[in-house]
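What follows is the content of entry_19.cif (mmCIF, C-alpha atoms).
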```
data_run
loop_
_atom_site.label_atom_id
_atom_site.label_comp_id
_atom_site.auth_asym_id
_atom_site.auth_seq_id
_atom_site.Cartn_x
_atom_site.Cartn_y
_atom_site.Cartn_z
CA MET A 1 112.40 116.76 90.50
CA ILE A 2 113.34 113.95 92.87
CA ILE A 3 111.55 113.70 96.22
CA GLY A 4 112.78 111.51 99.04
CA LEU A 5 109.81 110.23 101.06
CA THR A 6 110.64 108.74 104.43
CA GLY A 7 109.55 108.39 108.04
CA GLN A 8 109.53 106.00 110.97
CA ILE A 9 107.82 102.66 110.74
CA GLY A 10 104.02 102.88 110.76
CA ALA A 11 103.92 106.63 110.10
CA GLY A 12 101.99 106.22 106.84
CA LYS A 13 104.76 106.63 104.30
CA SER A 14 103.30 104.08 101.89
CA ALA A 15 99.90 105.77 102.02
CA ALA A 16 101.61 109.07 101.26
CA ALA A 17 103.39 107.47 98.30
CA ARG A 18 100.07 106.29 96.84
CA ILE A 19 98.67 109.81 97.17
CA LEU A 20 101.69 111.36 95.44
CA GLU A 21 101.42 108.74 92.70
CA GLY A 22 97.85 109.95 92.17
CA PHE A 23 99.23 113.45 91.61
CA GLY A 24 101.39 112.10 88.78
CA ALA A 25 104.66 111.15 90.48
CA LEU A 26 106.57 107.99 89.65
CA ILE A 27 107.15 105.96 92.83
CA VAL A 28 110.42 104.08 93.30
CA ASP A 29 109.68 101.74 96.22
CA ALA A 30 112.81 100.69 98.13
CA ASP A 31 111.00 97.85 99.95
CA LEU A 32 109.76 96.42 96.67
CA ILE A 33 113.22 96.66 95.14
CA GLY A 34 114.67 94.93 98.19
CA ARG A 35 112.26 92.02 97.74
CA GLN A 36 112.94 91.85 94.02
CA VAL A 37 116.73 91.75 94.29
CA VAL A 38 116.48 88.99 96.90
CA GLU A 39 114.02 86.98 94.79
CA GLN A 40 116.17 87.34 91.69
CA SER A 41 119.45 86.30 93.31
CA PHE A 42 119.87 82.72 94.49
CA ALA A 43 123.33 83.60 95.82
CA LEU A 44 121.83 86.37 97.93
CA ARG A 45 119.14 84.08 99.37
CA LYS A 46 121.75 81.43 100.09
CA LYS A 47 123.83 83.98 101.97
CA LEU A 48 120.80 85.05 104.01
CA ALA A 49 120.11 81.42 104.94
CA HIS A 50 123.74 80.88 105.88
CA THR A 51 123.73 84.01 108.06
CA PHE A 52 120.29 83.79 109.69
CA GLY A 53 119.49 80.07 109.48
CA LYS A 54 117.76 77.83 106.95
CA GLY A 55 114.39 78.64 108.50
CA VAL A 56 114.34 82.03 106.77
CA LEU A 57 113.69 80.22 103.47
CA ASP A 58 110.63 78.13 102.61
CA ARG A 59 110.70 74.80 100.78
CA ARG A 60 110.89 76.52 97.41
CA GLY A 61 113.85 78.62 98.49
CA SER A 62 111.89 81.85 98.80
CA VAL A 63 112.49 84.18 101.74
CA ARG A 64 110.06 84.00 104.65
CA ARG A 65 110.10 87.72 105.31
CA ARG A 66 108.60 87.74 108.79
CA LYS A 67 110.92 84.97 109.93
CA LEU A 68 113.90 86.84 108.51
CA ALA A 69 112.79 90.08 110.17
CA SER A 70 112.36 88.37 113.54
CA ARG A 71 115.99 87.25 113.37
CA ALA A 72 117.55 90.21 111.60
CA PHE A 73 116.19 92.93 113.89
CA VAL A 74 116.97 91.34 117.26
CA ASP A 75 120.10 93.47 117.76
CA ASP A 76 122.42 95.89 115.99
CA SER A 77 124.84 93.18 114.93
CA SER A 78 122.15 91.10 113.19
CA ARG A 79 120.69 94.17 111.49
CA ASP A 80 124.11 95.22 110.25
CA LYS A 81 124.68 91.77 108.77
CA LEU A 82 121.37 92.00 106.88
CA ASN A 83 122.22 95.47 105.60
CA GLN A 84 125.67 94.41 104.43
CA ILE A 85 124.17 91.55 102.43
CA VAL A 86 121.17 93.25 100.83
CA HIS A 87 121.80 97.00 100.60
CA PRO A 88 124.52 97.06 97.91
CA PHE A 89 122.21 95.20 95.50
CA LEU A 90 119.19 97.28 96.53
CA LEU A 91 120.86 100.68 96.18
CA LYS A 92 122.33 99.90 92.78
CA GLU A 93 118.89 98.99 91.42
CA LEU A 94 117.18 101.89 93.20
CA ARG A 95 119.52 104.44 91.65
CA ARG A 96 119.08 102.82 88.25
CA GLN A 97 115.29 103.11 88.50
CA VAL A 98 115.47 106.74 89.66
CA LYS A 99 117.74 107.69 86.77
CA SER A 100 115.45 105.94 84.31
CA GLY A 101 112.35 107.50 85.88
CA THR A 102 113.61 111.06 85.51
CA LYS A 103 113.60 110.55 81.74
CA THR A 104 109.87 109.80 81.65
CA HIS A 105 108.41 111.69 84.63
CA ASP A 106 108.72 115.25 85.93
CA VAL A 107 108.57 114.02 89.54
CA VAL A 108 110.15 110.85 90.92
CA VAL A 109 109.49 109.87 94.54
CA ILE A 110 111.89 107.56 96.37
CA ASP A 111 109.78 105.76 98.98
CA ALA A 112 112.40 104.60 101.48
CA ALA A 113 112.37 104.25 105.27
CA LEU A 114 116.18 104.19 105.19
CA LEU A 115 116.62 107.18 102.90
CA LEU A 116 118.47 109.20 105.56
CA PHE A 117 120.42 106.19 106.83
CA TRP A 118 121.72 105.80 103.27
CA GLU A 119 122.47 109.55 103.22
CA MET A 120 120.44 109.91 100.05
CA ASP A 121 119.10 113.28 101.17
CA ASP A 122 122.06 114.65 99.21
CA GLU A 123 120.68 113.01 96.05
CA VAL A 124 117.14 114.43 96.16
CA ASP A 125 115.57 117.87 95.78
CA PHE A 126 113.20 117.49 98.75
CA VAL A 127 113.07 115.29 101.81
CA VAL A 128 109.46 114.76 102.91
CA VAL A 129 109.09 113.10 106.32
CA ILE A 130 105.77 111.55 107.33
CA HIS A 131 105.35 111.38 111.10
CA ALA A 132 102.82 110.03 113.59
CA GLY A 133 102.75 109.42 117.33
CA ARG A 134 104.51 106.28 118.53
CA GLU A 135 101.47 104.45 119.91
CA LEU A 136 99.55 105.10 116.71
CA ARG A 137 102.46 103.87 114.61
CA LEU A 138 102.80 100.65 116.59
CA ALA A 139 99.02 100.10 116.46
CA ARG A 140 99.10 100.47 112.68
CA MET A 141 101.83 97.86 112.45
CA GLU A 142 99.78 95.47 114.58
CA GLN A 143 96.87 95.98 112.20
CA ARG A 144 99.21 94.87 109.40
CA GLY A 145 99.93 91.63 111.27
CA ILE A 146 103.31 92.63 112.73
CA ALA A 147 103.70 91.87 116.43
CA ARG A 148 104.34 94.90 118.61
CA ALA A 149 107.70 93.53 119.74
CA ASP A 150 108.81 93.09 116.11
CA ALA A 151 107.54 96.56 115.21
CA ALA A 152 109.40 98.07 118.17
CA ALA A 153 112.58 96.25 117.14
CA ARG A 154 112.30 97.62 113.60
CA GLU A 155 111.65 101.10 114.99
CA LYS A 156 114.78 100.85 117.12
CA ALA A 157 116.78 99.97 114.02
CA GLN A 158 115.82 103.29 112.42
CA LEU A 159 117.32 106.70 113.07
CA PRO A 160 115.75 108.65 115.97
CA TYR A 161 112.88 110.98 115.16
CA SER A 162 115.07 113.99 115.94
CA GLU A 163 117.22 113.07 112.94
CA PHE A 164 114.21 112.84 110.63
CA GLN A 165 113.02 116.19 111.93
CA LYS A 166 116.39 117.87 111.49
CA ARG A 167 116.89 116.70 107.90
CA ALA A 168 113.35 117.17 106.59
CA ASN A 169 112.49 119.86 104.07
CA ARG A 170 108.83 119.19 104.75
CA LEU A 171 107.45 117.44 107.83
CA ILE A 172 103.89 116.14 107.58
CA LEU A 173 102.03 114.92 110.66
CA ASN A 174 99.79 111.93 109.97
CA ASN A 175 97.84 111.45 113.20
CA GLY A 176 94.45 111.99 111.56
CA LYS A 177 92.33 110.47 108.83
CA MET A 178 93.38 109.73 105.27
CA LYS A 179 91.64 112.84 103.96
CA ASP A 180 93.81 114.96 106.27
CA LEU A 181 96.96 113.39 104.84
CA GLU A 182 95.65 113.93 101.32
CA ARG A 183 94.99 117.60 102.07
CA LYS A 184 98.47 118.15 103.51
CA LEU A 185 100.16 116.42 100.59
CA ALA A 186 98.06 118.36 98.10
CA ASP A 187 99.26 121.56 99.77
CA PHE A 188 102.88 120.38 99.56
CA TRP A 189 102.44 119.42 95.89
CA GLN A 190 100.96 122.79 95.00
CA ARG A 191 103.53 124.84 96.91
CA SER A 192 106.70 122.87 96.32
CA VAL A 193 106.18 120.95 93.09
CA VAL A 194 103.80 123.01 90.99
CA ARG A 195 105.19 126.36 92.09
CA GLY A 196 108.69 124.99 92.46
CA SER A 197 109.41 126.61 95.80
CA ARG A 198 111.52 124.95 98.48
CA GLN A 199 109.88 125.08 101.89
CA CYS A 200 111.54 124.02 105.12
CA LEU A 201 109.27 123.49 108.10
#
```
Could I get this structure in the form of structure tokens?
Amino acid sequence: MIIGLTGQIGAGKSAAARILEGFGALIVDADLIGRQVVEQSFALRKKLAHTFGKGVLDRRGSVRRRKLASRAFVDDSSRDKLNQIVHPFLLKELRRQVKSGTKTHDVVVIDAALLLFWEMDDEVDFVVVIHAGRELRLARMEQRGIARADAAAREKAQLPYSEFQKRANRLILNNGKMKDLERKLADFWQRSVVRGSRQCL
């Protein structure tokens, strides 16, 4: 079984992924893959510097992620340029890891904020959307050291919540404590993974 795990920025998707990993799922982390493909390709980093300015790289040639984000998410045009550079490499590796993971694990979870943007809901058995109120999401991002303006810009770059809601097979609200999220995910795991039933909420 392949589960697509997604949600708006700050909703708690990564926390949900860790919980599902504890249940025995293999996590394929799109953000991690994105970092890896950039780190492994000098040509890709060079193209990012050419597009967004030399300041997005440090002295060793590594990407300064916050600096890149501050320039790449300022408007739709900049975001599209970033996507066009990175996403082909990222998606190729992501699909490779998913295919490999299905050979060793019964459940593979694709942890990807852009899962629906990539239209990968057609490639998974379940789409699980983690959601939280906007102010709570932005506050969580601030706690992670991301300025509210940057967090809001990244949020704007994502699909609207109505699209997440429409395409979810399971929608999980994460406005409470971690134990509440764990309980809801345990219920999903029991109903939809262990019993194998497909539930649309």
### Resolved residues for the PyMOL selection byres ((chain A and resi 123-140) around 8) as number ranges by chain
A: 1-13, 16, 120-122, 141-144, 148, 151-152, 164-165, 167-175, 198
### Query
How far is it from atom CA of A:Val194 to atom CA of A:Val108, in Å with one decimal?
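Separation between atom CA of A:Val194 and atom CA of A:Val108: 13.7 Å.
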### Task
Output the residue selection produced by the PyMOL selection byres ((chain A and resi 49) around 12) on the file above, formatted as number ranges by chain.
A: 38, 42-48, 50-58, 61-65, 67-68, 71-72, 81-82, 85
### Task
Check what the PyMOL selection byres ((chain A and resi 93) around 12) selects in the file above and give those residues as a list in words.
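That selection, the PyMOL selection byres ((chain A and resi 93) around 12), comes back as Val28, Asp29, Ala30, Asp31, Leu32, Ile33, Gly34, Arg35, Gln36, Val37, Val38, Gln40, Val86, His87, Pro88, Phe89, Leu90, Leu91, Lys92, Leu94, Arg95, Arg96, Gln97, Val98, Lys99 and Ser100 of chain A.
Taking atom CA of A:Ala112 and atom CA of A:Gln158 as the two end points, the separation is 11.5 Å.
Coordinates place atom CA of A:Ala153 at a distance of 16.3 Å from atom CA of A:Phe117.
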A:Ser70 surroundings by all atoms listed in the file, 8 Å radius, close-in-sequence under 4 positions cut, as a short mmCIF file (atom, residue, chain, number, x, y, z; two decimals) with C-alpha atoms, in the coordinates of the input:
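Saved to selection_29.cif:
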```cif
data_model
loop_
_atom_site.label_atom_id
_atom_site.label_comp_id
_atom_site.auth_asym_id
_atom_site.auth_seq_id
_atom_site.Cartn_x
_atom_site.Cartn_y
_atom_site.Cartn_z
CA ARG A 66 108.60 87.74 108.79
CA VAL A 74 116.97 91.34 117.26
CA ASP A 150 108.81 93.09 116.11
#
```
### Pick from A:Leu116, A:Ala157, A:Asn83, A:Ile27, whichever lies nearest to A:Thr102 using all atoms listed in the file
A:Ile27
Quick one: what's the axis-aligned box for stretch 122-140 of chain A, all listed atoms, 5 Å on every side, centre and edges in Å to one decimal, as JSON?
```
{"center_x": 110.5, "center_y": 109.0, "center_z": 107.8, "size_x": 33.0, "size_y": 27.8, "size_z": 34.1}
```
### Task
In the coordinate frame of the file, compute which residues have an atom within 10 Å of (102.2, 112.8, 92.7) when using only C-alpha atoms, and state them as a list in words.
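The residues that fall inside the cut-off are Ala16, Ala17, Arg18, Ile19, Leu20, Glu21, Gly22, Phe23, Gly24, Ala25, Leu26, Ile27, Asp106, Val107, Val108, Val109, Leu185, Ala186, Trp189 and Val193 of chain A.
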